[in-house]
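*Asks:* Please find final_32.cif (mmCIF, C-alpha atoms) on the next line:
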data_final
#
loop_
_atom_site.label_atom_id
_atom_site.label_comp_id
_atom_site.auth_asym_id
_atom_site.auth_seq_id
_atom_site.Cartn_x
_atom_site.Cartn_y
_atom_site.Cartn_z
CA MET R 12 15.72 16.47 -17.81
CA LYS R 13 12.81 14.14 -18.55
CA ASN R 14 15.14 11.11 -18.46
CA ILE R 15 16.62 12.25 -15.15
CA MET R 16 13.16 12.61 -13.60
CA LEU R 17 12.18 9.18 -14.91
CA PHE R 18 15.37 7.69 -13.46
CA ILE R 19 14.66 9.26 -10.04
CA LYS R 20 11.05 8.10 -10.14
CA GLU R 21 12.05 4.50 -10.93
CA ASN R 22 14.71 4.47 -8.22
CA LEU R 23 12.31 6.01 -5.71
CA ALA R 24 9.74 3.34 -6.52
CA VAL R 25 12.32 0.61 -5.83
CA GLY R 26 13.26 2.36 -2.58
CA LEU R 27 9.63 2.45 -1.45
CA LEU R 28 9.26 -1.22 -2.38
CA LEU R 29 12.27 -2.06 -0.24
CA PHE R 30 10.95 0.07 2.61
CA ALA R 31 7.56 -1.67 2.42
CA LEU R 32 9.27 -5.08 2.55
CA PHE R 33 11.14 -4.14 5.72
CA LEU R 34 8.27 -2.37 7.44
CA GLY R 35 6.72 -5.08 9.57
CA ALA R 36 5.88 -5.99 13.13
CA GLY R 37 9.40 -5.78 14.56
CA ASN R 38 9.97 -2.31 13.15
CA ILE R 39 6.97 -1.02 15.09
CA ILE R 40 7.30 -2.72 18.48
CA PHE R 41 10.98 -2.53 19.42
CA PRO R 42 11.79 1.22 19.17
CA PRO R 43 9.06 2.23 21.71
CA LEU R 44 10.36 -0.36 24.18
CA LEU R 45 13.92 0.88 23.68
CA GLY R 46 12.66 4.43 24.22
CA GLN R 47 11.05 3.54 27.53
CA GLN R 48 13.93 1.47 28.87
CA ALA R 49 16.81 3.66 27.66
CA GLY R 50 15.45 6.71 29.51
CA GLU R 51 18.00 9.51 29.62
CA HIS R 52 20.37 7.46 27.43
CA ILE R 53 17.94 7.34 24.50
CA LEU R 54 20.32 9.05 22.02
CA THR R 55 23.24 6.70 22.65
CA ALA R 56 21.00 3.61 22.60
CA MET R 57 19.23 4.73 19.42
CA ILE R 58 22.54 5.19 17.59
CA GLY R 59 23.43 1.57 18.37
CA PHE R 60 19.96 0.44 17.31
CA LEU R 61 20.16 2.34 14.01
CA ILE R 62 23.46 0.65 13.14
CA THR R 63 21.97 -2.86 13.29
CA GLY R 64 18.43 -1.82 12.36
CA VAL R 65 19.27 0.43 9.39
CA GLY R 66 22.95 0.56 8.45
CA LEU R 67 23.71 -3.16 8.37
CA PRO R 68 20.51 -4.09 6.48
CA LEU R 69 21.52 -1.54 3.84
CA LEU R 70 24.95 -3.20 3.53
CA ALA R 71 23.27 -6.62 3.40
CA ILE R 72 21.09 -5.57 0.47
CA VAL R 73 24.18 -4.36 -1.41
CA ALA R 74 26.12 -7.54 -0.54
CA VAL R 75 23.37 -9.82 -1.84
CA ALA R 76 22.94 -7.67 -4.96
CA LYS R 77 26.65 -8.03 -5.72
CA ALA R 78 26.36 -11.79 -5.15
CA GLY R 79 23.56 -12.14 -7.68
CA GLY R 80 20.61 -11.79 -5.34
CA ASP R 81 20.69 -15.27 -3.79
CA LEU R 82 21.58 -15.79 -0.11
CA GLN R 83 22.55 -19.43 -0.67
CA LEU R 84 25.01 -18.42 -3.42
CA LEU R 85 26.53 -15.96 -0.96
CA ALA R 86 26.76 -18.55 1.84
CA ASN R 87 28.19 -21.13 -0.60
CA ARG R 88 31.42 -19.12 -0.56
CA VAL R 89 32.09 -20.81 2.78
CA SER R 90 30.97 -24.24 1.57
CA PRO R 91 27.89 -25.72 -0.16
CA THR R 92 26.92 -27.53 3.06
CA PHE R 93 27.16 -24.33 5.08
CA GLY R 94 25.18 -22.57 2.34
CA ILE R 95 22.21 -24.93 2.69
CA ILE R 96 22.26 -25.10 6.51
CA PHE R 97 22.75 -21.37 7.13
CA THR R 98 20.23 -20.30 4.49
CA SER R 99 17.64 -22.73 5.87
CA ILE R 100 18.12 -21.41 9.41
CA VAL R 101 17.77 -17.81 8.24
CA TYR R 102 14.57 -18.58 6.32
CA LEU R 103 13.04 -20.44 9.26
CA ALA R 104 13.99 -17.66 11.71
CA ILE R 105 12.36 -14.94 9.61
CA GLY R 106 9.55 -17.34 8.74
CA PRO R 107 7.47 -19.75 10.83
CA PHE R 108 9.64 -19.80 13.95
CA PHE R 109 9.81 -16.13 14.92
CA ALA R 110 9.07 -13.31 12.47
CA VAL R 111 5.80 -14.63 11.03
CA PRO R 112 4.25 -15.61 14.41
CA ARG R 113 5.32 -12.18 15.62
CA THR R 114 3.14 -10.58 12.95
CA GLY R 115 0.17 -12.50 14.32
CA SER R 116 0.97 -11.54 17.91
CA VAL R 117 1.51 -7.86 17.07
CA SER R 118 -1.76 -7.81 15.11
CA TYR R 119 -3.48 -9.07 18.25
CA GLU R 120 -1.64 -6.79 20.73
CA ILE R 121 -2.12 -3.60 18.72
CA GLY R 122 -5.15 -4.36 16.55
CA ILE R 123 -7.42 -6.26 18.94
CA VAL R 124 -6.39 -5.89 22.61
CA PRO R 125 -7.19 -2.14 22.87
CA PHE R 126 -10.83 -2.94 22.10
CA LEU R 127 -11.22 -5.83 24.57
CA SER R 128 -12.35 -5.67 28.17
CA GLU R 129 -9.68 -6.18 30.83
CA GLY R 130 -11.02 -9.64 31.68
CA ALA R 131 -11.04 -10.80 28.05
CA THR R 132 -7.33 -10.09 27.55
CA ASP R 133 -6.46 -12.62 30.26
CA HIS R 134 -8.32 -15.42 28.44
CA TRP R 135 -6.69 -17.59 25.75
CA ALA R 136 -9.67 -17.49 23.36
CA PRO R 137 -9.29 -13.96 21.84
CA LEU R 138 -5.67 -14.58 20.81
CA PHE R 139 -6.50 -18.04 19.46
CA ILE R 140 -9.48 -16.81 17.41
CA THR R 141 -7.50 -13.82 16.11
CA SER R 142 -4.54 -15.99 15.09
CA VAL R 143 -6.74 -18.54 13.27
CA LEU R 144 -8.57 -15.82 11.31
CA PHE R 145 -5.34 -13.90 10.63
CA PHE R 146 -3.44 -16.89 9.24
CA ALA R 147 -6.46 -18.19 7.31
CA LEU R 148 -6.37 -14.88 5.42
CA ILE R 149 -2.58 -15.12 5.01
CA LEU R 150 -2.91 -18.65 3.61
CA TYR R 151 -5.59 -17.55 1.14
CA LEU R 152 -3.51 -14.62 -0.12
CA ALA R 153 -0.32 -16.69 -0.40
CA ILE R 154 -1.99 -19.62 -2.21
CA ASN R 155 -3.97 -17.33 -4.51
CA PRO R 156 -1.67 -14.39 -5.36
CA SER R 157 -3.58 -11.45 -6.73
CA LYS R 158 -3.33 -7.71 -7.19
CA LEU R 159 -4.85 -7.33 -3.73
CA VAL R 160 -1.46 -7.76 -2.06
CA ASP R 161 0.12 -5.17 -4.37
CA ARG R 162 -2.70 -2.73 -3.67
CA VAL R 163 -2.35 -3.25 0.06
CA GLY R 164 1.39 -2.62 -0.27
CA LYS R 165 0.87 0.60 -2.20
CA ILE R 166 -1.63 1.87 0.35
CA LEU R 167 0.27 0.55 3.34
CA THR R 168 3.55 2.46 3.09
CA PRO R 169 2.17 6.02 2.95
CA ALA R 170 -0.64 5.14 5.39
CA LEU R 171 1.68 3.76 8.06
CA LEU R 172 4.15 6.62 7.61
CA ALA R 173 1.26 9.09 7.97
CA VAL R 174 0.07 7.44 11.19
CA ILE R 175 3.56 7.41 12.72
CA LEU R 176 4.07 11.03 11.64
CA LEU R 177 0.78 12.03 13.33
CA LEU R 178 1.77 10.25 16.54
CA ALA R 179 5.28 11.72 16.50
CA VAL R 180 4.15 15.30 15.82
CA LYS R 181 1.46 15.05 18.51
CA SER R 182 4.01 13.66 20.99
CA PHE R 183 6.23 16.72 20.38
CA ILE R 184 3.40 19.26 20.46
CA SER R 185 1.66 17.72 23.50
CA PRO R 186 4.27 15.53 25.25
CA MET R 187 2.88 12.72 27.37
CA GLY R 188 5.61 13.34 29.92
CA GLU R 189 9.34 13.45 30.55
CA ALA R 190 11.84 10.71 29.81
CA GLY R 191 12.03 8.10 32.56
CA ASN R 192 15.15 6.61 34.10
CA ALA R 193 17.23 4.07 32.20
CA VAL R 194 16.79 0.47 33.34
CA GLY R 195 18.72 -2.79 32.96
CA LYS R 196 21.75 -2.81 30.68
CA TYR R 197 20.81 0.64 29.34
CA THR R 198 22.11 2.14 32.61
CA VAL R 199 25.67 0.93 31.94
CA THR R 200 26.11 0.14 28.23
CA PRO R 201 23.30 1.87 26.32
CA PHE R 202 25.07 1.80 22.95
CA ALA R 203 25.87 -1.93 23.07
CA GLU R 204 22.38 -2.78 24.33
CA GLY R 205 20.78 -0.72 21.55
CA PHE R 206 23.08 -2.45 19.05
CA VAL R 207 22.02 -5.92 20.24
CA GLN R 208 18.33 -4.97 20.44
CA GLY R 209 18.56 -4.06 16.76
CA TYR R 210 19.01 -7.79 16.11
CA LEU R 211 15.38 -8.27 17.09
CA THR R 212 14.11 -6.41 14.03
CA MET R 213 15.67 -9.28 12.02
CA ASP R 214 16.24 -6.75 9.24
CA VAL R 215 19.76 -7.94 8.39
CA LEU R 216 18.41 -11.48 7.94
CA SER R 217 15.43 -10.16 5.97
CA ALA R 218 17.74 -8.07 3.78
CA LEU R 219 19.69 -11.19 2.84
CA VAL R 220 16.42 -12.68 1.56
CA PHE R 221 14.90 -9.51 0.06
CA GLY R 222 17.90 -8.96 -2.21
CA ILE R 223 16.48 -11.35 -4.80
CA VAL R 224 13.15 -9.49 -4.74
CA ILE R 225 14.85 -6.19 -5.52
CA LEU R 226 16.92 -7.67 -8.34
CA GLN R 227 13.80 -9.21 -9.88
CA ALA R 228 12.08 -5.82 -9.67
CA LEU R 229 15.01 -4.17 -11.47
CA GLN R 230 15.03 -6.85 -14.16
CA GLY R 231 11.30 -6.28 -14.58
CA MET R 232 12.17 -2.65 -15.31
CA GLY R 233 14.55 -3.85 -18.04
CA MET R 234 17.74 -3.35 -16.02
CA TYR R 235 20.17 -6.27 -16.50
CA ASP R 236 23.55 -4.56 -16.21
CA ARG R 237 25.12 -5.70 -12.90
CA ARG R 238 26.78 -2.37 -12.11
CA LYS R 239 23.56 -0.45 -12.70
CA GLN R 240 21.67 -2.95 -10.57
CA VAL R 241 24.07 -2.48 -7.67
CA ASN R 242 24.05 1.34 -8.02
CA THR R 243 20.26 1.43 -8.14
CA THR R 244 20.06 -0.93 -5.17
CA VAL R 245 22.32 1.38 -3.17
CA PHE R 246 20.09 4.36 -3.99
CA ALA R 247 16.97 2.36 -3.12
CA GLY R 248 18.62 1.21 0.08
CA VAL R 249 19.30 4.80 1.10
CA VAL R 250 15.63 5.68 0.52
CA ALA R 251 14.55 2.70 2.62
CA ALA R 252 17.15 3.54 5.29
CA LEU R 253 15.87 7.10 5.60
CA GLY R 254 12.31 5.83 5.96
CA LEU R 255 13.28 3.27 8.61
CA SER R 256 15.35 5.85 10.50
CA PHE R 257 12.33 8.16 10.61
CA VAL R 258 10.14 5.34 11.92
CA TYR R 259 12.63 4.22 14.58
CA ILE R 260 13.47 7.69 15.88
CA SER R 261 9.80 8.74 15.99
CA LEU R 262 8.65 5.60 17.80
CA GLY R 263 11.65 5.73 20.13
CA HIS R 264 10.71 9.28 21.14
CA ILE R 265 7.09 8.24 21.74
CA GLY R 266 8.21 5.43 24.02
CA ASN R 267 10.73 7.66 25.77
CA THR R 268 8.07 10.18 26.81
CA SER R 269 5.25 7.72 27.53
CA ILE R 270 5.92 6.45 31.07
CA ASP R 271 4.06 9.25 32.87
CA ALA R 272 0.94 8.62 30.77
CA ILE R 273 0.84 4.82 30.42
CA GLY R 274 3.40 3.45 32.88
CA ALA R 275 6.31 1.10 32.23
CA LEU R 276 5.25 -1.84 30.04
CA ASP R 277 7.06 -5.01 29.00
CA ASN R 278 6.49 -4.99 25.23
CA GLY R 279 6.49 -2.39 22.52
CA GLY R 280 3.12 -3.46 21.11
CA ASN R 281 1.38 -2.38 24.30
CA ILE R 282 3.44 0.82 24.49
CA ILE R 283 2.53 2.06 21.00
CA ALA R 284 -1.13 1.03 21.35
CA LYS R 285 -1.60 2.78 24.70
CA SER R 286 0.41 5.80 23.51
CA ALA R 287 -1.89 6.15 20.48
CA GLU R 288 -4.88 6.18 22.82
CA ALA R 289 -3.21 8.68 25.16
CA LEU R 290 -2.42 11.01 22.27
CA PHE R 291 -5.58 10.71 20.14
CA GLY R 292 -8.13 8.80 22.22
CA ARG R 293 -10.01 5.83 20.78
CA LEU R 294 -9.69 7.20 17.24
CA GLY R 295 -5.91 6.81 17.54
CA ASN R 296 -6.37 3.14 18.40
CA VAL R 297 -8.68 2.56 15.42
CA ILE R 298 -6.33 4.18 12.88
CA LEU R 299 -3.23 2.49 14.32
CA SER R 300 -4.95 -0.91 14.50
CA ILE R 301 -6.04 -0.90 10.85
CA THR R 302 -2.63 0.22 9.62
CA ILE R 303 -0.67 -2.28 11.74
CA LEU R 304 -2.96 -5.11 10.60
CA LEU R 305 -2.24 -4.24 6.97
CA ALA R 306 1.50 -4.07 7.66
CA CYS R 307 1.50 -7.44 9.38
CA ILE R 308 -0.59 -9.06 6.63
CA SER R 309 1.81 -7.87 3.92
CA THR R 310 4.86 -8.98 5.87
CA ALA R 311 3.43 -12.40 6.75
CA VAL R 312 2.36 -13.11 3.15
CA GLY R 313 5.80 -12.15 1.84
CA LEU R 314 7.77 -14.16 4.39
CA LEU R 315 5.63 -17.30 4.21
CA THR R 316 5.67 -17.20 0.42
CA ALA R 317 9.48 -16.82 0.41
CA ASN R 318 9.88 -19.73 2.84
CA ALA R 319 7.58 -22.06 0.90
CA GLN R 320 9.35 -21.21 -2.36
CA TYR R 321 12.82 -21.77 -0.91
CA PHE R 322 12.06 -25.12 0.69
CA ASN R 323 10.12 -26.27 -2.36
CA LYS R 324 13.27 -25.51 -4.36
CA LEU R 325 15.35 -27.42 -1.80
CA PHE R 326 12.92 -30.37 -1.64
CA PRO R 327 11.05 -30.34 -4.99
CA ARG R 328 9.13 -33.54 -4.19
CA ILE R 329 7.14 -31.58 -1.58
CA SER R 330 4.87 -29.03 -3.21
CA TYR R 331 4.89 -25.30 -2.58
CA LYS R 332 1.31 -25.52 -1.31
CA THR R 333 2.19 -28.27 1.22
CA PHE R 334 5.08 -26.24 2.64
CA LEU R 335 2.85 -23.17 2.80
CA ILE R 336 0.10 -24.98 4.71
CA VAL R 337 2.54 -26.58 7.17
CA PHE R 338 4.35 -23.27 7.82
CA THR R 339 1.04 -21.43 8.26
CA ILE R 340 -0.29 -23.96 10.79
CA PHE R 341 3.04 -23.90 12.65
CA SER R 342 3.03 -20.07 12.73
CA THR R 343 -0.53 -20.08 14.10
CA ALA R 344 0.51 -22.38 16.94
CA ILE R 345 3.62 -20.33 17.83
CA THR R 346 1.59 -17.10 17.79
CA ASN R 347 -0.48 -18.37 20.69
CA VAL R 348 2.46 -18.46 23.10
CA GLY R 349 2.25 -14.65 23.15
CA LEU R 350 4.39 -11.76 21.92
CA SER R 351 6.68 -11.50 24.96
CA THR R 352 7.48 -15.23 24.83
CA ILE R 353 8.21 -15.12 21.08
CA ILE R 354 10.60 -12.21 21.58
CA SER R 355 12.34 -13.90 24.53
CA ALA R 356 12.73 -17.15 22.60
CA SER R 357 14.06 -15.44 19.48
CA LEU R 358 16.87 -13.47 21.14
CA PRO R 359 19.17 -16.47 21.92
CA VAL R 360 18.83 -17.72 18.33
CA LEU R 361 19.48 -14.27 16.91
CA LEU R 362 22.54 -13.85 19.14
CA MET R 363 23.86 -17.06 17.54
CA ILE R 364 23.16 -16.37 13.86
CA TYR R 365 23.25 -12.55 13.56
CA PRO R 366 27.06 -12.26 13.99
CA LEU R 367 27.54 -14.99 11.35
CA ALA R 368 25.28 -13.07 8.96
CA MET R 369 27.11 -9.81 9.61
CA VAL R 370 30.59 -11.29 9.13
CA LEU R 371 29.50 -13.11 5.96
CA MET R 372 27.95 -9.91 4.64
CA VAL R 373 30.98 -7.68 5.36
CA LEU R 374 33.44 -10.19 3.87
CA SER R 375 31.32 -10.44 0.71
CA LEU R 376 31.61 -6.68 0.25
CA PHE R 377 35.42 -7.07 0.18
CA ASP R 378 35.35 -10.32 -1.80
CA ASN R 379 37.25 -8.81 -4.75
CA PHE R 380 40.07 -7.77 -2.42
CA PHE R 381 40.93 -11.38 -1.55
CA LYS R 382 39.56 -12.91 -4.78
CA GLY R 383 36.87 -14.91 -3.00
CA GLY R 384 39.37 -16.94 -0.98
CA GLN R 385 37.36 -19.62 0.83
CA ILE R 386 39.89 -19.81 3.68
CA VAL R 387 39.20 -16.15 4.59
CA TYR R 388 35.48 -16.86 5.04
CA ILE R 389 36.11 -20.08 6.98
CA LEU R 390 38.66 -18.68 9.45
CA ALA R 391 36.54 -15.58 10.11
CA LEU R 392 33.30 -17.52 10.65
CA ILE R 393 34.63 -20.36 12.83
CA PRO R 394 35.64 -18.17 15.83
CA THR R 395 32.54 -16.03 15.28
CA PHE R 396 30.38 -19.14 15.57
CA PHE R 397 31.99 -20.40 18.79
CA VAL R 398 31.63 -17.03 20.52
CA SER R 399 28.13 -16.23 19.27
CA LEU R 400 26.96 -19.77 20.07
CA TYR R 401 27.83 -19.24 23.71
CA ASP R 402 26.20 -15.79 23.67
CA GLY R 403 22.99 -17.59 22.76
CA PHE R 404 23.50 -20.20 25.49
CA LYS R 405 24.19 -17.45 28.02
CA GLU R 406 20.93 -15.72 27.11
CA MET R 407 19.16 -19.02 27.91
CA ASP R 408 21.00 -19.18 31.28
CA ILE R 409 23.08 -22.15 30.09
CA LYS R 410 26.59 -21.52 31.38
CA ILE R 411 29.83 -23.47 31.03
CA SER R 412 32.24 -21.97 33.55
CA LEU R 413 35.55 -22.94 31.89
CA TYR R 414 34.34 -21.81 28.45
CA GLU R 415 33.06 -18.54 29.88
CA ARG R 416 36.34 -17.79 31.69
CA ILE R 417 38.16 -18.12 28.37
CA LEU R 418 35.67 -15.95 26.48
CA LYS R 419 35.69 -13.23 29.16
CA ILE R 420 39.21 -12.36 28.03
CA LEU R 421 37.76 -11.10 24.74
CA PRO R 422 37.08 -7.36 24.30
CA LEU R 423 33.37 -6.43 24.36
CA TYR R 424 32.38 -9.88 25.61
CA GLU R 425 30.05 -8.52 28.31
CA GLN R 426 28.20 -6.54 25.61
CA ASN R 427 27.56 -9.70 23.50
CA LEU R 428 30.07 -8.40 20.95
CA GLY R 429 32.95 -10.67 21.91
CA TRP R 430 32.85 -12.25 18.44
CA LEU R 431 34.08 -9.07 16.73
CA VAL R 432 37.84 -9.26 17.45
CA PRO R 433 38.11 -13.04 16.79
CA ALA R 434 36.32 -12.52 13.46
CA LEU R 435 38.80 -9.81 12.46
CA ILE R 436 41.80 -11.90 13.54
CA GLY R 437 40.43 -14.97 11.75
CA ALA R 438 39.86 -13.01 8.54
CA PHE R 439 43.39 -11.54 8.73
CA ILE R 440 44.99 -14.98 9.22
CA GLY R 441 42.85 -16.35 6.40
CA LEU R 442 43.99 -13.53 4.14
CA ILE R 443 47.68 -14.29 4.87
CA ILE R 444 47.19 -18.01 4.22
CA HIS R 445 45.28 -17.24 1.02
CA LYS R 446 48.10 -15.04 -0.29
CA ILE R 447 50.74 -17.65 0.62
CA LEU R 448 48.82 -20.44 -1.12
CA LYS R 449 48.42 -18.26 -4.22
CA LYS R 450 52.17 -17.88 -4.47
#
As a first step, turn the structure in this file into structure tokens.
*Replies:*
Amino acid sequence: MKNIMLFIKENLAVGLLLFALFLGAGNIIFPPLLGQQAGEHILTAMIGFLITGVGLPLLAIVAVAKAGGDLQLLANRVSPTFGIIFTSIVYLAIGPFFAVPRTGSVSYEIGIVPFLSEGATDHWAPLFITSVLFFALILYLAINPSKLVDRVGKILTPALLAVILLLAVKSFISPMGEAGNAVGKYTVTPFAEGFVQGYLTMDVLSALVFGIVILQALQGMGMYDRRKQVNTTVFAGVVAALGLSFVYISLGHIGNTSIDAIGALDNGGNIIAKSAEALFGRLGNVILSITILLACISTAVGLLTANAQYFNKLFPRISYKTFLIVFTIFSTAITNVGLSTIISASLPVLLMIYPLAMVLMVLSLFDNFFKGGQIVYILALIPTFFVSLYDGFKEMDIKISLYERILKILPLYEQNLGWLVPALIGAFIGLIIHKILKK
């Protein structure tokens, strides 16, 4: 019995570690916005969001664990060149280009804006000063690793869960209002729109990187058997998935019932900040601000550290510290374009690379079935790339009429899921060719 309890405790600890790694800016700001915009279709939209925001990241963690914990090793199954290019793009997307600047912007929107006068929020100086101070702290923590980051992580997870629980319970006991009307694509295709909005959390991409962290944690616990590592990772992933589901559903409900009290807003950071004030007054803003700041600090330190380590490994002549400084300065600059702009700029890129990541991840889970046949990966990813590439162009209002007429034939094209059937057909053809070549 004692051994069983110890086993559960160790697995739970890994699950909480995984949950803490995922729990960042994107996990807080997108569900409230979905809740507001989905209106009466909140349930359907949330199911789609949970698939890409919870289910697929869980599968990604398992896929990377089975591949030995290294994203580049996983991507190398297509080709070594693809492995380097794709892995670099993923790291940059969840690093200095989008995810890290987003932590700075969310820290400002939720942690600082509620305490500024209306006139001050329209000026560039508060965001600039906040971003410089925020990333100076991030740089210090990443260059000088200490137990401080671990302590913040241990405090952060229960603290943030407690704050979200308080907000959610209060929103049920004393609702801010009724659900509004669905807007935009949520009026017609709420499931598909929720599915695509789940890309914005970047959790599938993060999971592909966090796999190595989890495996290192398990090895630190003395676990080196591959099967045990995968089994423990699955259990930890379920714990993390349950935690993320709770966060998403709670914040989605808060956003869904907030329009009467705070009006329709254009980003989730404002929605959750103003909802906290509506539910608990200024005290709600103070508690939420402190907790979100801690969450964003932990996430930014982890992602910048991971990026600097990866590119230092790729280009060993350039030091870890140099990469870290360059990425930090770049993140500070991007932060100052504002949260809404960062989100708008990230969606086309995510529409391009997310399908590739998902197809690569799913194929890796069935790798034993086709004995790692390279042709299966290649023929599944090539059509996926050509469809998802145009999805990204379309999001940027770059349209090629002939190309679009061809792609419109594909099922689910209008929902930005046109890559799905070509990926399946490509994988099937690749499997047939692989079996023929084997004979």
*Asks:* Mind checking which residues fall within 8 Å of range 359-372 of chain R, counting only C-alpha atoms, ignoring those fewer than 5 positions away in the same chain, and posting them as a list in words?
*Replies:*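 My list of contacting residues is Leu67, Leu70, Ala71, Ala74, Val75, Ala86, Val101, Tyr210, Leu211, Met213, Val215, Leu216, Tyr388, Ala391, Leu392, Thr395, Phe396, Ser399, Leu400, Tyr401, Asp402, Gly403, Phe404, Lys405, Glu406, Met407, Asn427, Trp430 and Ala434 of chain R.
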*Asks:* So, with all atoms listed in the file as the atoms that count, which of R:Ala147, R:Leu82, R:Val432, R:Val25 lies closest to Gln230 in chain R?
*Replies:*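 When distances to Gln230 in chain R are compared using all atoms listed in the file, the smallest one comes from R:Val25.
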*Asks:* Suppose a student applies the PyMOL selection byres ((chain R and resi 124-137) around 9) to this structure; what residues should they get, written as a PyMOL selection string?
*Replies:* chain R and resi 119-123+138-142+281+284-285+288+293+296-297+300+347
*Asks:* Any chance you could work out the residue set of the PyMOL selection byres ((chain R and resi 325) around 12) here, as a ChimeraX atom specification?
*Replies:* /R:83,94-96,98-99,318-324,326-331,334
*Asks:* I need the residue nearest Gly106 in chain R from this list: R:Val89, R:Val373, R:Ala193, R:Leu315. Use all atoms listed in the file for the distance.
*Replies:*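 With all atoms listed in the file as the atom set, the closest residue is R:Leu315.
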*Asks:* Within 8 Å of (6.4, -18.2, 16.0), all atoms listed in the file: residues as a ChimeraX atom specification?
*Replies:* /R:106-113,341-346,353
*Asks:* Just to confirm, what's the straight-line distance from CA of Ile354 in chain R to CA of Asn278 in chain R in Å (one decimal)?
*Replies:*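 A separation of 9.1 Å between them.
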*Asks:* Kindly provide the residues of range 128-199 of chain R that approach range 302-312 of chain R to within 6 Å, each paired with its closest atom pair and their distance in Å to one decimal, based on only C-alpha atoms, listed by chain and increasing number, as CSV.
*Replies:*
residue,atom,partner,partner_atom,distance
R:Ile149,CA,R:Val312,CA,5.6
R:Ala153,CA,R:Val312,CA,5.7
R:Leu171,CA,R:Thr302,CA,5.8
*Asks:* Name the closest residue to Phe257 in chain R among the candidates R:Leu34, R:Ile270, R:Leu28, R:Ile282; distances are taken between atoms, counting all atoms listed in the file.
*Replies:*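 The closest residue to Phe257 in chain R is R:Leu34.
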